[in-house]
$ cat entry_21.pdb   # PDB, C-alpha atoms and all ligand atoms
ATOM      1  CA  MET F1251       0.000   0.000   0.000
ATOM      2  CA  THR F1252       2.819   2.384   0.785
ATOM      3  CA  PRO F1253       5.475   2.706  -1.924
ATOM      4  CA  ALA F1254       9.041   2.335  -0.734
ATOM      5  CA  GLU F1255       9.818   5.863  -1.971
ATOM      6  CA  PHE F1256       7.167   7.303   0.340
ATOM      7  CA  LYS F1257       8.671   5.458   3.272
ATOM      8  CA  LYS F1258      12.153   6.573   2.320
ATOM      9  CA  PHE F1259      11.027  10.190   2.146
ATOM     10  CA  VAL F1260       9.332   9.956   5.522
ATOM     11  CA  GLN F1261      12.522   8.469   6.936
ATOM     12  CA  LEU F1262      14.423  11.520   5.713
ATOM     13  CA  LEU F1263      11.903  13.862   7.315
ATOM     14  CA  ASP F1264      12.069  11.834  10.505
ATOM     15  CA  ALA F1265      15.795  12.569  10.671
ATOM     16  CA  PHE F1266      15.090  16.319  11.020
ATOM     17  CA  PRO F1267      15.679  17.627  14.541
ATOM     18  CA  GLU F1268      12.560  17.714  16.685
ATOM     19  CA  VAL F1269      10.428  15.915  14.083
ATOM     20  CA  GLY F1270       8.871  12.637  15.207
ATOM     21  CA  PRO F1271       7.484   9.757  13.107
ATOM     22  CA  ARG F1272       3.860  10.996  13.185
ATOM     23  CA  GLN F1273       4.881  14.494  12.211
ATOM     24  CA  SER F1274       7.060  13.232   9.386
ATOM     25  CA  TRP F1275       4.090  11.431   7.830
ATOM     26  CA  ARG F1276       1.974  14.572   8.219
ATOM     27  CA  LEU F1277       4.690  16.675   6.614
ATOM     28  CA  PHE F1278       4.945  14.176   3.787
ATOM     29  CA  PHE F1279       1.213  14.187   3.029
ATOM     30  CA  TRP F1280       1.221  17.971   3.164
ATOM     31  CA  LEU F1281       4.227  18.200   0.874
ATOM     32  CA  ILE F1282       2.891  15.948  -1.871
ATOM     33  CA  LYS F1283      -0.257  18.087  -2.065
ATOM     34  CA  GLN F1284       1.653  21.302  -2.769
ATOM     35  CA  ASP F1285       1.636  22.701  -6.308
ATOM     36  CA  GLU F1286       4.343  22.271  -8.893
ATOM     37  CA  LYS F1287       5.839  25.739  -8.304
ATOM     38  CA  PHE F1288       6.410  24.991  -4.630
ATOM     39  CA  LYS F1289       8.031  21.645  -5.390
ATOM     40  CA  SER F1290      10.241  23.098  -8.114
ATOM     41  CA  GLU F1291      11.425  25.846  -5.790
ATOM     42  CA  LEU F1292      12.163  23.330  -3.100
ATOM     43  CA  ILE F1293      14.165  21.131  -5.460
ATOM     44  CA  GLU F1294      16.047  24.124  -6.830
ATOM     45  CA  LEU F1295      16.940  25.378  -3.359
ATOM     46  CA  MET F1296      17.975  21.908  -2.216
ATOM     47  CA  THR F1297      20.332  21.724  -5.212
ATOM     48  CA  THR F1298      21.785  25.121  -4.296
ATOM     49  CA  LEU F1299      22.280  23.995  -0.708
ATOM     50  CA  LYS F1300      23.878  20.788  -1.894
ATOM     51  CA  THR F1301      26.340  22.395  -4.261
ATOM     52  CA  LYS F1302      27.037  25.888  -2.958
ATOM     53  CA  VAL F1303      26.980  25.977   0.829
ATOM     54  CA  LYS F1304      30.297  26.675   2.511
ATOM     55  CA  PHE F1305      31.103  27.664   6.052
ATOM     56  CA  CYS F1306      32.716  30.984   6.960
ATOM     57  CA  SER F1307      36.390  30.476   7.694
ATOM     58  CA  ASP F1308      36.214  32.954  10.597
ATOM     59  CA  CYS F1309      32.928  32.242  12.375
ATOM     60  CA  PHE F1310      31.542  29.050  10.717
ATOM     61  CA  PHE F1311      28.215  30.609   9.725
ATOM     62  CA  PRO F1312      27.032  29.099   6.411
ATOM     63  CA  THR F1313      27.659  31.105   3.241
ATOM     64  CA  LEU F1314      26.859  30.675  -0.437
ATOM     65  CA  ASN F1315      30.138  30.073  -2.242
ATOM     66  CA  GLN F1316      31.982  32.619  -0.092
ATOM     67  CA  ASP F1317      34.961  31.966   2.129
ATOM     68  CA  ARG F1318      33.730  34.491   4.660
ATOM     69  CA  CYS F1319      30.175  35.407   5.636
ATOM     70  CA  ASP F1320      28.680  38.876   5.120
ATOM     71  CA  ILE F1321      29.116  39.765   8.790
ATOM     72  CA  CYS F1322      32.817  38.850   8.868
ATOM     73  CA  ASN F1323      33.314  40.659   5.553
ATOM     74  CA  ASP F1324      31.606  43.837   6.800
ATOM     75  CA  GLN F1325      34.252  46.444   7.586
ATOM     76  CA  LYS F1326      31.685  48.583   9.419
ATOM     77  CA  ARG F1327      31.374  45.924  12.103
ATOM     78  CA  ASP F1328      33.553  45.960  15.172
ATOM     79  CA  HIS F1329      36.042  43.151  14.624
ATOM     80  CA  ALA F1330      37.582  43.787  18.049
ATOM     81  CA  LEU F1331      34.485  42.268  19.697
ATOM     82  CA  ILE F1332      33.752  38.571  19.166
ATOM     83  CA  CYS F1333      30.573  36.996  20.485
ATOM     84  CA  LEU F1334      30.983  33.291  21.111
ATOM     85  CA  VAL F1335      27.725  31.366  20.618
ATOM     86  CA  GLU F1336      26.683  27.739  20.724
ATOM     87  CA  ARG F1337      24.874  27.548  17.384
ATOM     88  CA  GLU F1338      23.911  29.340  14.189
ATOM     89  CA  THR F1339      20.408  30.233  15.387
ATOM     90  CA  ASP F1340      21.943  32.289  18.223
ATOM     91  CA  ILE F1341      23.402  34.599  15.578
ATOM     92  CA  ILE F1342      19.965  35.028  13.995
ATOM     93  CA  THR F1343      18.639  36.012  17.436
ATOM     94  CA  PHE F1344      21.511  38.419  18.152
ATOM     95  CA  GLU F1345      21.171  40.052  14.739
ATOM     96  CA  SER F1346      17.435  40.531  15.284
ATOM     97  CA  ILE F1347      17.988  42.867  18.258
ATOM     98  CA  LYS F1348      20.182  45.139  16.082
ATOM     99  CA  LYS F1349      22.268  46.226  19.065
ATOM    100  CA  PHE F1350      25.281  44.032  18.509
ATOM    101  CA  ASN F1351      27.854  45.356  16.070
ATOM    102  CA  GLY F1352      30.656  42.901  16.702
ATOM    103  CA  VAL F1353      31.400  39.609  14.961
ATOM    104  CA  TYR F1354      30.717  36.019  15.982
ATOM    105  CA  PHE F1355      32.213  32.628  16.500
ATOM    106  CA  ILE F1356      30.072  29.460  16.483
ATOM    107  CA  LEU F1357      31.203  26.725  18.834
ATOM    108  CA  GLY F1358      28.974  24.183  17.103
ATOM    109  CA  GLY F1359      27.513  22.556  20.215
ATOM    110  CA  LEU F1360      28.357  21.737  23.805
ATOM    111  CA  ILE F1361      30.820  19.374  25.393
ATOM    112  CA  LEU F1362      28.591  16.703  26.890
ATOM    113  CA  PRO F1363      29.565  13.665  28.950
ATOM    114  CA  PHE F1364      29.445  10.355  27.052
ATOM    115  CA  GLU F1365      29.268  12.168  23.751
ATOM    116  CA  GLU F1366      32.300  12.655  21.572
ATOM    117  CA  LYS F1367      31.916  16.278  20.537
ATOM    118  CA  GLY F1368      34.873  16.415  18.216
ATOM    119  CA  ILE F1369      33.452  19.504  16.548
ATOM    120  CA  VAL F1370      33.557  21.640  19.738
ATOM    121  CA  ARG F1371      37.144  20.637  20.480
ATOM    122  CA  SER F1372      38.209  21.492  16.950
ATOM    123  CA  ARG F1373      36.354  24.838  17.100
ATOM    124  CA  LEU F1374      38.121  25.656  20.381
ATOM    125  CA  LYS F1375      41.391  25.142  18.537
ATOM    126  CA  LYS F1376      40.131  27.450  15.778
ATOM    127  CA  ILE F1377      39.160  30.265  18.135
ATOM    128  CA  LYS F1378      42.567  29.975  19.770
ATOM    129  CA  GLU F1379      44.266  30.283  16.360
ATOM    130  CA  ARG F1380      42.030  33.214  15.468
ATOM    131  CA  LEU F1381      42.914  35.059  18.688
ATOM    132  CA  GLU F1382      46.610  34.348  18.200
ATOM    133  CA  LYS F1383      46.447  35.873  14.718
ATOM    134  CA  SER F1384      44.044  38.767  15.308
ATOM    135  CA  LEU F1385      45.933  41.021  17.665
ATOM    136  CA  ASP F1386      43.235  43.701  17.425
ATOM    137  CA  VAL F1387      40.602  41.602  19.243
ATOM    138  CA  LYS F1388      39.804  43.350  22.536
ATOM    139  CA  GLU F1389      36.825  41.448  23.901
ATOM    140  CA  VAL F1390      35.241  38.011  23.690
ATOM    141  CA  LEU F1391      31.644  37.870  24.895
ATOM    142  CA  ILE F1392      30.651  34.347  25.924
ATOM    143  CA  ALA F1393      26.960  33.875  25.080
ATOM    144  CA  LEU F1394      26.614  30.167  25.822
ATOM    145  CA  PRO F1395      23.432  28.862  27.488
ATOM    146  CA  LEU F1396      23.239  29.379  31.262
ATOM    147  CA  THR F1397      22.334  25.744  31.811
ATOM    148  CA  LYS F1398      23.963  23.075  33.960
ATOM    149  CA  GLU F1399      24.497  21.130  30.760
ATOM    150  CA  ALA F1400      26.672  23.937  29.363
ATOM    151  CA  GLU F1401      28.942  24.217  32.410
ATOM    152  CA  PRO F1402      31.733  21.880  31.216
ATOM    153  CA  THR F1403      31.813  23.842  27.943
ATOM    154  CA  PHE F1404      32.075  27.140  29.860
ATOM    155  CA  VAL F1405      35.050  25.733  31.786
ATOM    156  CA  GLU F1406      36.820  24.695  28.572
ATOM    157  CA  VAL F1407      36.074  27.987  26.828
ATOM    158  CA  ILE F1408      37.376  30.017  29.773
ATOM    159  CA  ARG F1409      40.483  27.831  29.919
ATOM    160  CA  VAL F1410      41.255  28.631  26.279
ATOM    161  CA  LEU F1411      40.375  32.332  26.542
ATOM    162  CA  ASN F1412      42.388  32.811  29.747
ATOM    163  CA  GLN F1413      45.546  32.318  27.717
ATOM    164  CA  PHE F1414      44.797  35.731  26.203
ATOM    165  CA  LYS F1415      43.511  37.511  29.289
ATOM    166  CA  ASN F1416      46.385  40.003  29.414
ATOM    167  CA  ARG F1417      45.117  41.586  26.176
ATOM    168  CA  ILE F1418      41.530  40.375  25.750
ATOM    169  CA  LYS F1419      38.587  41.132  28.030
ATOM    170  CA  ILE F1420      36.371  38.099  28.659
ATOM    171  CA  THR F1421      32.717  38.984  29.305
ATOM    172  CA  LYS F1422      29.405  37.199  29.808
ATOM    173  CA  LEU F1423      25.766  38.179  29.312
ATOM    174  CA  ARG F1424      24.299  39.548  32.527
ATOM    175  CA  ARG F1425      21.279  41.300  33.983
ATOM    176  CA  GLY F1426      17.878  39.661  33.985
ATOM    177  CA  LEU F1427      18.996  36.319  32.659
ATOM    178  CA  PRO F1428      17.309  33.455  34.474
ATOM    179  CA  ALA F1429      19.238  30.265  35.157
ATOM    180  CA  GLY F1430      18.784  27.960  32.209
ATOM    181  CA  ALA F1431      18.485  30.808  29.714
ATOM    182  CA  GLU F1432      19.411  30.113  26.103
ATOM    183  CA  VAL F1433      20.095  32.972  23.699
ATOM    184  CA  GLU F1434      17.843  31.547  21.017
ATOM    185  CA  PHE F1435      14.770  31.672  23.246
ATOM    186  CA  LEU F1436      15.274  35.077  24.864
ATOM    187  CA  ASP F1437      12.946  37.945  24.036
ATOM    188  CA  PRO F1438      14.637  40.928  22.366
ATOM    189  CA  GLU F1439      14.386  43.227  25.422
ATOM    190  CA  THR F1440      15.961  40.713  27.798
ATOM    191  CA  LEU F1441      18.729  39.897  25.353
ATOM    192  CA  THR F1442      19.447  43.587  24.687
ATOM    193  CA  GLU F1443      19.668  44.287  28.439
ATOM    194  CA  ALA F1444      21.824  41.244  29.037
ATOM    195  CA  PHE F1445      24.106  42.327  26.212
ATOM    196  CA  LEU F1446      24.409  45.968  27.300
ATOM    197  CA  ASP F1447      25.019  44.868  30.904
ATOM    198  CA  ARG F1448      27.679  42.308  29.996
ATOM    199  CA  ARG F1449      30.709  42.061  32.232
TER     200      ARG F1449
HETATM  201 ZN    ZN A1501      31.719  34.739   9.448
END
$ encode --input "entry_21.pdb" --output "structure tokens"
Amino acid sequence: MTPAEFKKFVQLLDAFPEVGPRQSWRLFFWLIKQDEKFKSELIELMTTLKTKVKFCSDCFFPTLNQDRCDICNDQKRDHALICLVERETDIITFESIKKFNGVYFILGGLILPFEEKGIVRSRLKKIKERLEKSLDVKEVLIALPLTKEAEPTFVEVIRVLNQFKNRIKITKLRRGLPAGAEVEFLDPETLTEAFLDRR
């Protein structure tokens, strides 16, 4: 009754973060009912993503065929201030408040027990290299989640950044941030306050 291709497609949808098996079937049935224009656009964009996506050599935000992202390439931004975030969506949130004029660095996740987070370790090496090279960096703002889960990552990040503490100020988001806060889920006012009150 169900063609193998349908099942395969649903399997792919099921692999999306936060999408369960029931939802993936619903998404599938919704998708096949969309018109040709929608499907063509989707296919075209998927091809673009497949062939043209690169990751910024400075901050690791995705780009289209560029070595550096638009933020890192923007000379009007303050390259002396680097905001260290857990994931890409944190940058979207920070950019939406329009108060932050520095640049970013994406850690790519958290260091969790029983989970080999090779990506975070390699990114920590990258930020170290970046700070060694960029002598004009004056401040690194750590904007990792304020959760218990993120604590081991905080410790590692501070350990790396402390090697530069004679020339680089290390700051964290402050005022009004509840324990457990994650940048991505903060409302703009709270995030703006926390950013302006960083120390
Ligand atoms: Zn970048």
$ closest_residue --input "entry_21.pdb" --among "F:Gln1284, F:Gly1352, F:Ile1392, F:Ile1341" --to "Glu1406 of chain F" --atoms "all atoms listed in the file"
F:Ile1392
$ residues_around --input "entry_21.pdb" --residues "Lys1300 of chain F" --least-positions-apart "5" --cutoff "12 Å" --atoms "only C-alpha atoms" --output "PyMOL selection string"
chain F and resi 1293-1295+1314-1315
$ residues_near_ligand --input "entry_21.pdb" --ligand "ligand ZN 1501 (chain A)" --cutoff "8 Å" --atoms "all atoms listed in the file" --output "count of residues only"
17
$ closest_residue --input "entry_21.pdb" --among "F:Lys1349, F:Lys1398, F:Arg1417, F:Arg1327" --to "Ala1444 of chain F" --atoms "all atoms listed in the file"
F:Lys1349
$ closest_residue --input "entry_21.pdb" --among "F:Glu1345, F:Glu1401, F:Glu1379, F:Asp1328" --to "Pro1438 of chain F" --atoms "all atoms listed in the file"
F:Glu1345
$ closest_atom_pairs --input "entry_21.pdb" --of "segment 1362-1421 of chain F" --to "segment 1329-1334 of chain F" --cutoff "9 Å" --atoms "all atoms listed in the file" --output "Markdown table"
| residue | atom | partner | partner_atom | distance |
| --- | --- | --- | --- | --- |
| F:Ser1384 | CA | F:Ala1330 | CA | 8.6 |
| F:Leu1385 | CA | F:Ala1330 | CA | 8.8 |
| F:Asp1386 | CA | F:Ala1330 | CA | 5.7 |
| F:Val1387 | CA | F:Ala1330 | CA | 3.9 |
| F:Lys1388 | CA | F:Ala1330 | CA | 5.0 |
| F:Glu1389 | CA | F:Leu1331 | CA | 4.9 |
| F:Val1390 | CA | F:Ile1332 | CA | 4.8 |
| F:Leu1391 | CA | F:Cys1333 | CA | 4.6 |
| F:Ile1392 | CA | F:Leu1334 | CA | 4.9 |
| F:Ala1393 | CA | F:Leu1334 | CA | 5.7 |
| F:Leu1394 | CA | F:Leu1334 | CA | 7.1 |
$ residues_around --input "entry_21.pdb" --residues "Ser1372 of chain F" --least-positions-apart "6" --cutoff "10 Å" --atoms "all atoms listed in the file" --output "short mmCIF file (atom, residue, chain, number, x, y, z; two decimals) with C-alpha atoms, keeping the file's coordinate frame"
data_model
loop_
_atom_site.label_atom_id
_atom_site.label_comp_id
_atom_site.auth_asym_id
_atom_site.auth_seq_id
_atom_site.Cartn_x
_atom_site.Cartn_y
_atom_site.Cartn_z
CA LEU F 1357 31.20 26.72 18.83
CA GLY F 1358 28.97 24.18 17.10
CA LYS F 1378 42.57 29.98 19.77
#
$ resolve_selection --input "entry_21.pdb" --expression "the PyMOL selection byres (((chain F and resi 1278) around 12) and not hetatm)" --output "VMD selection string"
chain F and resid 1255 to 1264 1269 1271 to 1277 1279 to 1284
$ write_last_selection --input "entry_21.pdb" --atoms "C-alpha atoms" --output "short mmCIF file (atom, residue, chain, number, x, y, z; two decimals), in the frame of the given file"
data_model
loop_
_atom_site.label_atom_id
_atom_site.label_comp_id
_atom_site.auth_asym_id
_atom_site.auth_seq_id
_atom_site.Cartn_x
_atom_site.Cartn_y
_atom_site.Cartn_z
CA GLU F 1255 9.82 5.86 -1.97
CA PHE F 1256 7.17 7.30 0.34
CA LYS F 1257 8.67 5.46 3.27
CA LYS F 1258 12.15 6.57 2.32
CA PHE F 1259 11.03 10.19 2.15
CA VAL F 1260 9.33 9.96 5.52
CA GLN F 1261 12.52 8.47 6.94
CA LEU F 1262 14.42 11.52 5.71
CA LEU F 1263 11.90 13.86 7.32
CA ASP F 1264 12.07 11.83 10.50
CA VAL F 1269 10.43 15.92 14.08
CA PRO F 1271 7.48 9.76 13.11
CA ARG F 1272 3.86 11.00 13.18
CA GLN F 1273 4.88 14.49 12.21
CA SER F 1274 7.06 13.23 9.39
CA TRP F 1275 4.09 11.43 7.83
CA ARG F 1276 1.97 14.57 8.22
CA LEU F 1277 4.69 16.68 6.61
CA PHE F 1279 1.21 14.19 3.03
CA TRP F 1280 1.22 17.97 3.16
CA LEU F 1281 4.23 18.20 0.87
CA ILE F 1282 2.89 15.95 -1.87
CA LYS F 1283 -0.26 18.09 -2.06
CA GLN F 1284 1.65 21.30 -2.77
#
$ closest_residue --input "entry_21.pdb" --among "F:Leu1411, F:Phe1404, F:Ile1361, F:Leu1396" --to "Leu1381 of chain F" --atoms "only C-alpha atoms"
F:Leu1411
$ closest_residue --input "entry_21.pdb" --among "F:Lys1326, F:Arg1448, F:Arg1337, F:Arg1409" --to "Leu1427 of chain F" --atoms "only C-alpha atoms"
F:Arg1448
$ residues_around --input "entry_21.pdb" --residues "Thr1397 of chain F" --least-positions-apart "3" --cutoff "10 Å" --atoms "all atoms listed in the file" --output "list of chain:residue names"
F:Leu1394, F:Ala1400, F:Glu1401, F:Pro1428, F:Ala1429, F:Gly1430, F:Ala1431, F:Glu1432
$ residues_around --input "entry_21.pdb" --residues "Val1433 of chain F" --least-positions-apart "6" --cutoff "8 Å" --atoms "all atoms listed in the file" --output "list of chain:residue names"
F:Asp1340, F:Thr1343, F:Phe1344, F:Ala1393, F:Leu1394, F:Pro1395, F:Leu1441
$ write_last_selection --input "entry_21.pdb" --atoms "C-alpha atoms" --output "CSV table (one decimal), in the frame of the given file"
chain,number,residue,atom,x,y,z
F,1340,ASP,CA,21.9,32.3,18.2
F,1343,THR,CA,18.6,36.0,17.4
F,1344,PHE,CA,21.5,38.4,18.2
F,1393,ALA,CA,27.0,33.9,25.1
F,1394,LEU,CA,26.6,30.2,25.8
F,1395,PRO,CA,23.4,28.9,27.5
F,1441,LEU,CA,18.7,39.9,25.4
$ atom_distance --input "entry_21.pdb" --atom1 "atom CA of Leu1360 of chain F" --atom2 "atom CA of Asp1324 of chain F"
28.1 Å
$ atom_distance --input "entry_21.pdb" --atom1 "atom CA of Pro1363 of chain F" --atom2 "atom CA of Phe1435 of chain F"
24.0 Å
$ axis_aligned_box --input "entry_21.pdb" --around "segment 1368-1385 of chain F" --padding-each-side "8 Å" --output "AutoDock Vina command-line options"
--center_x 40.0 --center_y 28.7 --center_z 17.6 --size_x 29.2 --size_y 40.6 --size_z 21.8
$ atom_distance --input "entry_21.pdb" --atom1 "atom CA of Asp1447 of chain F" --atom2 "atom CA of Arg1424 of chain F"
5.6 Å
$ decode --input "entry_21.pdb" --residues "segment 1343-1363 of chain F" --atoms "C-alpha atoms" --output "mmCIF file, in the first residue's frame"
data_model
loop_
_atom_site.group_PDB
_atom_site.id
_atom_site.type_symbol
_atom_site.label_atom_id
_atom_site.label_comp_id
_atom_site.auth_asym_id
_atom_site.auth_seq_id
_atom_site.Cartn_x
_atom_site.Cartn_y
_atom_site.Cartn_z
ATOM 1 C CA THR F 1343 18.639 36.012 17.436
ATOM 2 C CA PHE F 1344 21.511 38.419 18.152
ATOM 3 C CA GLU F 1345 21.171 40.052 14.739
ATOM 4 C CA SER F 1346 17.435 40.531 15.284
ATOM 5 C CA ILE F 1347 17.988 42.867 18.258
ATOM 6 C CA LYS F 1348 20.182 45.139 16.082
ATOM 7 C CA LYS F 1349 22.268 46.226 19.065
ATOM 8 C CA PHE F 1350 25.281 44.032 18.509
ATOM 9 C CA ASN F 1351 27.854 45.356 16.070
ATOM 10 C CA GLY F 1352 30.656 42.901 16.702
ATOM 11 C CA VAL F 1353 31.400 39.609 14.961
ATOM 12 C CA TYR F 1354 30.717 36.019 15.982
ATOM 13 C CA PHE F 1355 32.213 32.628 16.500
ATOM 14 C CA ILE F 1356 30.072 29.460 16.483
ATOM 15 C CA LEU F 1357 31.203 26.725 18.834
ATOM 16 C CA GLY F 1358 28.974 24.183 17.103
ATOM 17 C CA GLY F 1359 27.513 22.556 20.215
ATOM 18 C CA LEU F 1360 28.357 21.737 23.805
ATOM 19 C CA ILE F 1361 30.820 19.374 25.393
ATOM 20 C CA LEU F 1362 28.591 16.703 26.890
ATOM 21 C CA PRO F 1363 29.565 13.665 28.950
#
